[in-house]
Amino acid sequence: MSFIKRMWVICLAFYSGSCWGQDDLIGFLQPRISMNYSLSPAYTHNFSFAQRTLFLNPIDSGIGTIHLDLAHFSNFKLPRQRSIGLGIMYRLREPFEGPGQNELRLTQQFNFIHRKHSIRFGHRFRTEQRILPARTVHRFRYRFAADGPLQGEKLDPGELYWVGNLEALNSVGKGIRPVYGLRASGWLGYLANKTAKIQVGTEYRRVGFWLEGRPVLFLLSSLILNL
């Protein structure tokens, strides 16, 4: 397992360095607060608030907050480490980008996980409806994720852990051509106690599998509370 962890750190370092080496890179800061609340062993609520701020734009000197996200998600556990979820998110853009820019997003997903030693692997299939003032965009997403402790075989309070994600997505809608995207992210997390953990990480995005879109880098932070 130590070999896998070392290779993962090397890959993250290479990926981060290649991101910063691109002259046309756009950069965003995105802090998030997330709260999980379990009504039963099989039913969990999640509430989150996120802010996205532009801090690097080589074409336009304008920087500042782009939007705010308010979201709720319901997760239903199924047998054999499977789950389904339903979500709703409201993206507030109008105070920052002008009238007619807000978005309502509906989400449906199926998720299943499996473990091998101390490493947990996850597969998530998600559909979304992005309801914008002028049109509705349907998005289809698949994400492969892996995570595990950095110390020992089990994560205990006061210890660090790592998370890696790779996601492909496709956006379609009436009157628009399909848009493909690819995202890769890496996180370092700290389990403070049984109810709180902190994560910091980066995410790299490209629009179009043939790399015709501009690269985008997110610097991410997250406070996750389990109530």
# chains A, B, ... in the order shown; residues from 1 in each chain; ligands from 1
$ select_by_dssp --residues "range 42-125 of chain A" --states "alpha helix (DSSP H)" --output "MDAnalysis selection string"
chainID A and resid 94:97
$ residues_around --residues "Thr107 in chain A" --least-positions-apart "3" --cutoff "12 Å" --atoms "only C-alpha atoms" --output "MDAnalysis selection string"
chainID A and resid 71:75 84:90 104 110 125:131 138:141
$ residues_around --residues "Glu167 in chain A" --least-positions-apart "3" --cutoff "10 Å" --atoms "only C-alpha atoms" --output "NGL selection string"
:A and (123-125 or 141-145 or 181-185 or 205)
$ atom_distance --atom1 "CA of Gly152 in chain A" --atom2 "CA of Arg115 in chain A"
15.0 Å
$ atom_distance --atom1 "CA of Asn165 in chain A" --atom2 "CA of Arg120 in chain A"
11.9 Å
$ select_by_dssp --residues "range 111-178 of chain A" --states "strand (DSSP E or B)" --output "VMD selection string"
chain A and resid 111 to 116 119 to 131 136 to 149 159 to 173 176 to 178
$ write_last_selection --atoms "N, CA and C atoms" --output "short mmCIF file (atom, residue, chain, number, x, y, z; two decimals), in the first residue's frame"
data_model
loop_
_atom_site.label_atom_id
_atom_site.label_comp_id
_atom_site.auth_asym_id
_atom_site.auth_seq_id
_atom_site.Cartn_x
_atom_site.Cartn_y
_atom_site.Cartn_z
N ASN A 111 -24.49 5.55 -7.05
CA ASN A 111 -23.12 5.45 -6.59
C ASN A 111 -22.89 4.06 -5.99
N PHE A 112 -21.72 3.47 -6.25
CA PHE A 112 -21.36 2.25 -5.53
C PHE A 112 -19.86 2.26 -5.25
N ILE A 113 -19.49 1.65 -4.13
CA ILE A 113 -18.10 1.63 -3.69
C ILE A 113 -17.67 0.21 -3.39
N HIS A 114 -16.36 -0.01 -3.40
CA HIS A 114 -15.78 -1.27 -2.96
C HIS A 114 -14.40 -0.98 -2.38
N ARG A 115 -13.91 -1.85 -1.56
CA ARG A 115 -12.64 -1.65 -0.87
C ARG A 115 -11.64 -2.74 -1.23
N LYS A 116 -10.38 -2.34 -1.21
CA LYS A 116 -9.28 -3.28 -1.34
C LYS A 116 -8.22 -2.85 -0.34
N ILE A 119 -7.73 0.99 0.75
CA ILE A 119 -8.15 1.89 -0.32
C ILE A 119 -9.63 1.67 -0.63
N ARG A 120 -10.38 2.76 -0.73
CA ARG A 120 -11.79 2.70 -1.11
C ARG A 120 -11.94 3.26 -2.52
N PHE A 121 -12.64 2.51 -3.39
CA PHE A 121 -12.88 2.93 -4.77
C PHE A 121 -14.36 3.22 -4.95
N GLY A 122 -14.67 4.28 -5.69
CA GLY A 122 -16.06 4.66 -5.89
C GLY A 122 -16.36 4.95 -7.35
N HIS A 123 -17.57 4.59 -7.77
CA HIS A 123 -18.05 4.87 -9.13
C HIS A 123 -19.38 5.62 -9.00
N ARG A 124 -19.45 6.78 -9.63
CA ARG A 124 -20.66 7.60 -9.55
C ARG A 124 -21.17 7.92 -10.95
N PHE A 125 -22.44 7.63 -11.19
CA PHE A 125 -23.13 7.97 -12.43
C PHE A 125 -24.16 9.05 -12.09
N ARG A 126 -24.08 10.18 -12.76
CA ARG A 126 -24.92 11.32 -12.41
C ARG A 126 -25.54 11.95 -13.65
N THR A 127 -26.82 12.33 -13.56
CA THR A 127 -27.49 13.14 -14.57
C THR A 127 -27.91 14.46 -13.94
N GLU A 128 -27.88 15.52 -14.74
CA GLU A 128 -28.22 16.85 -14.24
C GLU A 128 -29.06 17.59 -15.27
N GLN A 129 -29.93 18.46 -14.77
CA GLN A 129 -30.67 19.38 -15.61
C GLN A 129 -30.32 20.79 -15.15
N ARG A 130 -29.59 21.51 -15.99
CA ARG A 130 -29.20 22.89 -15.68
C ARG A 130 -30.24 23.81 -16.31
N ILE A 131 -31.09 24.38 -15.47
CA ILE A 131 -32.20 25.20 -15.94
C ILE A 131 -31.75 26.66 -15.91
N THR A 136 -32.39 24.92 -21.27
CA THR A 136 -32.10 23.86 -20.31
C THR A 136 -31.03 22.95 -20.89
N VAL A 137 -29.98 22.72 -20.13
CA VAL A 137 -28.87 21.88 -20.57
C VAL A 137 -28.90 20.59 -19.75
N HIS A 138 -28.84 19.44 -20.46
CA HIS A 138 -28.80 18.13 -19.81
C HIS A 138 -27.36 17.64 -19.79
N ARG A 139 -26.92 17.20 -18.62
CA ARG A 139 -25.53 16.79 -18.47
C ARG A 139 -25.45 15.38 -17.91
N PHE A 140 -24.53 14.59 -18.47
CA PHE A 140 -24.32 13.20 -18.06
C PHE A 140 -22.87 13.06 -17.61
N ARG A 141 -22.67 12.49 -16.40
CA ARG A 141 -21.35 12.48 -15.78
C ARG A 141 -21.03 11.10 -15.22
N TYR A 142 -19.75 10.72 -15.36
CA TYR A 142 -19.23 9.52 -14.69
C TYR A 142 -17.95 9.90 -13.96
N ARG A 143 -17.85 9.51 -12.67
CA ARG A 143 -16.68 9.82 -11.88
C ARG A 143 -16.12 8.57 -11.24
N PHE A 144 -14.80 8.39 -11.38
CA PHE A 144 -14.08 7.35 -10.67
C PHE A 144 -13.28 8.01 -9.56
N ALA A 145 -13.39 7.49 -8.34
CA ALA A 145 -12.72 8.11 -7.19
C ALA A 145 -12.01 7.04 -6.37
N ALA A 146 -10.97 7.46 -5.68
CA ALA A 146 -10.26 6.58 -4.76
C ALA A 146 -9.81 7.42 -3.57
N ASP A 147 -9.80 6.81 -2.38
CA ASP A 147 -9.33 7.51 -1.19
C ASP A 147 -8.79 6.51 -0.19
N GLY A 148 -8.01 7.02 0.74
CA GLY A 148 -7.45 6.14 1.77
C GLY A 148 -6.64 6.93 2.78
N PRO A 149 -6.34 6.33 3.91
CA PRO A 149 -5.53 7.00 4.94
C PRO A 149 -4.07 7.08 4.53
N GLU A 159 -5.69 12.17 12.00
CA GLU A 159 -4.84 11.65 10.93
C GLU A 159 -5.23 12.26 9.58
N LEU A 160 -4.29 12.14 8.62
CA LEU A 160 -4.48 12.66 7.27
C LEU A 160 -4.95 11.57 6.33
N TYR A 161 -5.62 11.98 5.26
CA TYR A 161 -6.05 11.04 4.21
C TYR A 161 -5.95 11.74 2.85
N TRP A 162 -6.01 10.96 1.79
CA TRP A 162 -5.94 11.49 0.43
C TRP A 162 -7.19 11.08 -0.35
N VAL A 163 -7.53 11.88 -1.36
CA VAL A 163 -8.67 11.61 -2.24
C VAL A 163 -8.26 11.98 -3.66
N GLY A 164 -8.59 11.13 -4.62
CA GLY A 164 -8.36 11.43 -6.03
C GLY A 164 -9.60 11.15 -6.86
N ASN A 165 -9.90 12.02 -7.82
CA ASN A 165 -11.08 11.88 -8.68
C ASN A 165 -10.71 12.08 -10.13
N LEU A 166 -11.36 11.32 -11.00
CA LEU A 166 -11.26 11.52 -12.45
C LEU A 166 -12.68 11.42 -13.01
N GLU A 167 -13.12 12.48 -13.72
CA GLU A 167 -14.51 12.53 -14.15
C GLU A 167 -14.62 12.96 -15.61
N ALA A 168 -15.51 12.28 -16.34
CA ALA A 168 -15.85 12.64 -17.72
C ALA A 168 -17.31 13.07 -17.75
N LEU A 169 -17.63 14.09 -18.57
CA LEU A 169 -19.00 14.56 -18.65
C LEU A 169 -19.32 15.03 -20.05
N ASN A 170 -20.64 15.03 -20.34
CA ASN A 170 -21.15 15.43 -21.65
C ASN A 170 -22.39 16.28 -21.43
N SER A 171 -22.43 17.47 -22.04
CA SER A 171 -23.56 18.37 -21.93
C SER A 171 -24.26 18.47 -23.27
N VAL A 172 -25.58 18.31 -23.28
CA VAL A 172 -26.38 18.39 -24.51
C VAL A 172 -27.61 19.25 -24.24
N GLY A 173 -28.18 19.78 -25.30
CA GLY A 173 -29.38 20.58 -25.18
C GLY A 173 -29.93 20.94 -26.54
N ILE A 176 -27.95 23.26 -29.31
CA ILE A 176 -26.53 23.43 -29.03
C ILE A 176 -25.80 22.12 -29.33
N ARG A 177 -24.55 22.23 -29.70
CA ARG A 177 -23.77 21.02 -29.99
C ARG A 177 -23.32 20.37 -28.68
N PRO A 178 -23.13 19.05 -28.67
CA PRO A 178 -22.65 18.40 -27.44
C PRO A 178 -21.29 18.95 -27.01
#
$ atom_distance --atom1 "CA of Gln108 in chain A" --atom2 "CA of Asn46 in chain A"
14.0 Å
$ decode --residues "range 94-129 of chain A" --atoms "N, CA and C atoms" --output "PDB file, in the first residue's frame"
ATOM      1  N   GLU A  94     -26.484  36.737 -10.564  1.00  0.00           N
ATOM      2  CA  GLU A  94     -26.938  38.074 -10.957  1.00  0.00           C
ATOM      3  C   GLU A  94     -26.209  39.216 -10.241  1.00  0.00           C
ATOM      4  N   PRO A  95     -25.900  39.112  -8.931  1.00  0.00           N
ATOM      5  CA  PRO A  95     -25.190  40.230  -8.300  1.00  0.00           C
ATOM      6  C   PRO A  95     -23.781  40.457  -8.850  1.00  0.00           C
ATOM      7  N   PHE A  96     -23.224  39.460  -9.544  1.00  0.00           N
ATOM      8  CA  PHE A  96     -21.836  39.539  -9.999  1.00  0.00           C
ATOM      9  C   PHE A  96     -21.705  39.641 -11.519  1.00  0.00           C
ATOM     10  N   GLU A  97     -22.667  39.063 -12.261  1.00  0.00           N
ATOM     11  CA  GLU A  97     -22.559  39.022 -13.720  1.00  0.00           C
ATOM     12  C   GLU A  97     -23.712  39.700 -14.432  1.00  0.00           C
ATOM     13  N   GLY A  98     -24.685  40.259 -13.704  1.00  0.00           N
ATOM     14  CA  GLY A  98     -25.789  40.949 -14.348  1.00  0.00           C
ATOM     15  C   GLY A  98     -27.060  40.119 -14.333  1.00  0.00           C
ATOM     16  N   PRO A  99     -28.201  40.736 -14.707  1.00  0.00           N
ATOM     17  CA  PRO A  99     -29.505  40.056 -14.647  1.00  0.00           C
ATOM     18  C   PRO A  99     -29.613  38.907 -15.643  1.00  0.00           C
ATOM     19  N   GLY A 100     -30.472  37.944 -15.312  1.00  0.00           N
ATOM     20  CA  GLY A 100     -30.739  36.822 -16.209  1.00  0.00           C
ATOM     21  C   GLY A 100     -29.674  35.758 -16.238  1.00  0.00           C
ATOM     22  N   GLN A 101     -28.851  35.664 -15.178  1.00  0.00           N
ATOM     23  CA  GLN A 101     -27.736  34.712 -15.180  1.00  0.00           C
ATOM     24  C   GLN A 101     -27.878  33.598 -14.143  1.00  0.00           C
ATOM     25  N   ASN A 102     -28.885  33.654 -13.291  1.00  0.00           N
ATOM     26  CA  ASN A 102     -29.028  32.641 -12.250  1.00  0.00           C
ATOM     27  C   ASN A 102     -29.379  31.276 -12.840  1.00  0.00           C
ATOM     28  N   GLU A 103     -29.090  30.227 -12.062  1.00  0.00           N
ATOM     29  CA  GLU A 103     -29.289  28.855 -12.556  1.00  0.00           C
ATOM     30  C   GLU A 103     -29.892  27.980 -11.470  1.00  0.00           C
ATOM     31  N   LEU A 104     -30.847  27.148 -11.868  1.00  0.00           N
ATOM     32  CA  LEU A 104     -31.397  26.105 -11.009  1.00  0.00           C
ATOM     33  C   LEU A 104     -30.932  24.764 -11.562  1.00  0.00           C
ATOM     34  N   ARG A 105     -30.394  23.908 -10.684  1.00  0.00           N
ATOM     35  CA  ARG A 105     -29.855  22.634 -11.147  1.00  0.00           C
ATOM     36  C   ARG A 105     -30.474  21.485 -10.359  1.00  0.00           C
ATOM     37  N   LEU A 106     -30.981  20.492 -11.075  1.00  0.00           N
ATOM     38  CA  LEU A 106     -31.528  19.271 -10.491  1.00  0.00           C
ATOM     39  C   LEU A 106     -30.577  18.118 -10.787  1.00  0.00           C
ATOM     40  N   THR A 107     -30.375  17.228  -9.808  1.00  0.00           N
ATOM     41  CA  THR A 107     -29.380  16.169  -9.925  1.00  0.00           C
ATOM     42  C   THR A 107     -29.959  14.834  -9.490  1.00  0.00           C
ATOM     43  N   GLN A 108     -29.609  13.775 -10.234  1.00  0.00           N
ATOM     44  CA  GLN A 108     -29.942  12.400  -9.873  1.00  0.00           C
ATOM     45  C   GLN A 108     -28.661  11.572 -10.028  1.00  0.00           C
ATOM     46  N   GLN A 109     -28.415  10.655  -9.081  1.00  0.00           N
ATOM     47  CA  GLN A 109     -27.177   9.894  -9.180  1.00  0.00           C
ATOM     48  C   GLN A 109     -27.310   8.492  -8.591  1.00  0.00           C
ATOM     49  N   PHE A 110     -26.427   7.626  -9.079  1.00  0.00           N
ATOM     50  CA  PHE A 110     -26.262   6.272  -8.536  1.00  0.00           C
ATOM     51  C   PHE A 110     -24.787   6.094  -8.231  1.00  0.00           C
ATOM     52  N   ASN A 111     -24.494   5.553  -7.050  1.00  0.00           N
ATOM     53  CA  ASN A 111     -23.117   5.445  -6.588  1.00  0.00           C
ATOM     54  C   ASN A 111     -22.888   4.062  -5.986  1.00  0.00           C
ATOM     55  N   PHE A 112     -21.723   3.470  -6.255  1.00  0.00           N
ATOM     56  CA  PHE A 112     -21.360   2.255  -5.533  1.00  0.00           C
ATOM     57  C   PHE A 112     -19.865   2.263  -5.250  1.00  0.00           C
ATOM     58  N   ILE A 113     -19.488   1.650  -4.134  1.00  0.00           N
ATOM     59  CA  ILE A 113     -18.103   1.634  -3.686  1.00  0.00           C
ATOM     60  C   ILE A 113     -17.665   0.209  -3.388  1.00  0.00           C
ATOM     61  N   HIS A 114     -16.359  -0.005  -3.401  1.00  0.00           N
ATOM     62  CA  HIS A 114     -15.778  -1.271  -2.956  1.00  0.00           C
ATOM     63  C   HIS A 114     -14.395  -0.983  -2.385  1.00  0.00           C
ATOM     64  N   ARG A 115     -13.906  -1.855  -1.560  1.00  0.00           N
ATOM     65  CA  ARG A 115     -12.644  -1.650  -0.866  1.00  0.00           C
ATOM     66  C   ARG A 115     -11.641  -2.742  -1.228  1.00  0.00           C
ATOM     67  N   LYS A 116     -10.381  -2.343  -1.214  1.00  0.00           N
ATOM     68  CA  LYS A 116      -9.276  -3.283  -1.337  1.00  0.00           C
ATOM     69  C   LYS A 116      -8.219  -2.851  -0.342  1.00  0.00           C
ATOM     70  N   HIS A 117      -8.099  -3.620   0.722  1.00  0.00           N
ATOM     71  CA  HIS A 117      -7.220  -3.264   1.831  1.00  0.00           C
ATOM     72  C   HIS A 117      -7.676  -1.919   2.409  1.00  0.00           C
ATOM     73  N   SER A 118      -6.786  -0.914   2.461  1.00  0.00           N
ATOM     74  CA  SER A 118      -7.152   0.373   3.048  1.00  0.00           C
ATOM     75  C   SER A 118      -7.690   1.364   2.016  1.00  0.00           C
ATOM     76  N   ILE A 119      -7.733   0.988   0.749  1.00  0.00           N
ATOM     77  CA  ILE A 119      -8.150   1.893  -0.315  1.00  0.00           C
ATOM     78  C   ILE A 119      -9.630   1.666  -0.634  1.00  0.00           C
ATOM     79  N   ARG A 120     -10.380   2.764  -0.728  1.00  0.00           N
ATOM     80  CA  ARG A 120     -11.786   2.698  -1.115  1.00  0.00           C
ATOM     81  C   ARG A 120     -11.940   3.259  -2.523  1.00  0.00           C
ATOM     82  N   PHE A 121     -12.635   2.511  -3.394  1.00  0.00           N
ATOM     83  CA  PHE A 121     -12.877   2.926  -4.766  1.00  0.00           C
ATOM     84  C   PHE A 121     -14.365   3.215  -4.946  1.00  0.00           C
ATOM     85  N   GLY A 122     -14.673   4.277  -5.685  1.00  0.00           N
ATOM     86  CA  GLY A 122     -16.061   4.657  -5.892  1.00  0.00           C
ATOM     87  C   GLY A 122     -16.361   4.954  -7.349  1.00  0.00           C
ATOM     88  N   HIS A 123     -17.571   4.593  -7.775  1.00  0.00           N
ATOM     89  CA  HIS A 123     -18.053   4.867  -9.126  1.00  0.00           C
ATOM     90  C   HIS A 123     -19.377   5.623  -9.004  1.00  0.00           C
ATOM     91  N   ARG A 124     -19.451   6.785  -9.634  1.00  0.00           N
ATOM     92  CA  ARG A 124     -20.657   7.596  -9.553  1.00  0.00           C
ATOM     93  C   ARG A 124     -21.170   7.921 -10.946  1.00  0.00           C
ATOM     94  N   PHE A 125     -22.444   7.626 -11.186  1.00  0.00           N
ATOM     95  CA  PHE A 125     -23.126   7.974 -12.428  1.00  0.00           C
ATOM     96  C   PHE A 125     -24.160   9.045 -12.093  1.00  0.00           C
ATOM     97  N   ARG A 126     -24.079  10.182 -12.765  1.00  0.00           N
ATOM     98  CA  ARG A 126     -24.925  11.316 -12.407  1.00  0.00           C
ATOM     99  C   ARG A 126     -25.543  11.946 -13.651  1.00  0.00           C
ATOM    100  N   THR A 127     -26.821  12.334 -13.559  1.00  0.00           N
ATOM    101  CA  THR A 127     -27.492  13.144 -14.575  1.00  0.00           C
ATOM    102  C   THR A 127     -27.914  14.457 -13.935  1.00  0.00           C
ATOM    103  N   GLU A 128     -27.879  15.521 -14.742  1.00  0.00           N
ATOM    104  CA  GLU A 128     -28.225  16.849 -14.236  1.00  0.00           C
ATOM    105  C   GLU A 128     -29.060  17.590 -15.274  1.00  0.00           C
ATOM    106  N   GLN A 129     -29.933  18.455 -14.769  1.00  0.00           N
ATOM    107  CA  GLN A 129     -30.667  19.382 -15.614  1.00  0.00           C
ATOM    108  C   GLN A 129     -30.319  20.794 -15.155  1.00  0.00           C
TER     109      GLN A 129
END
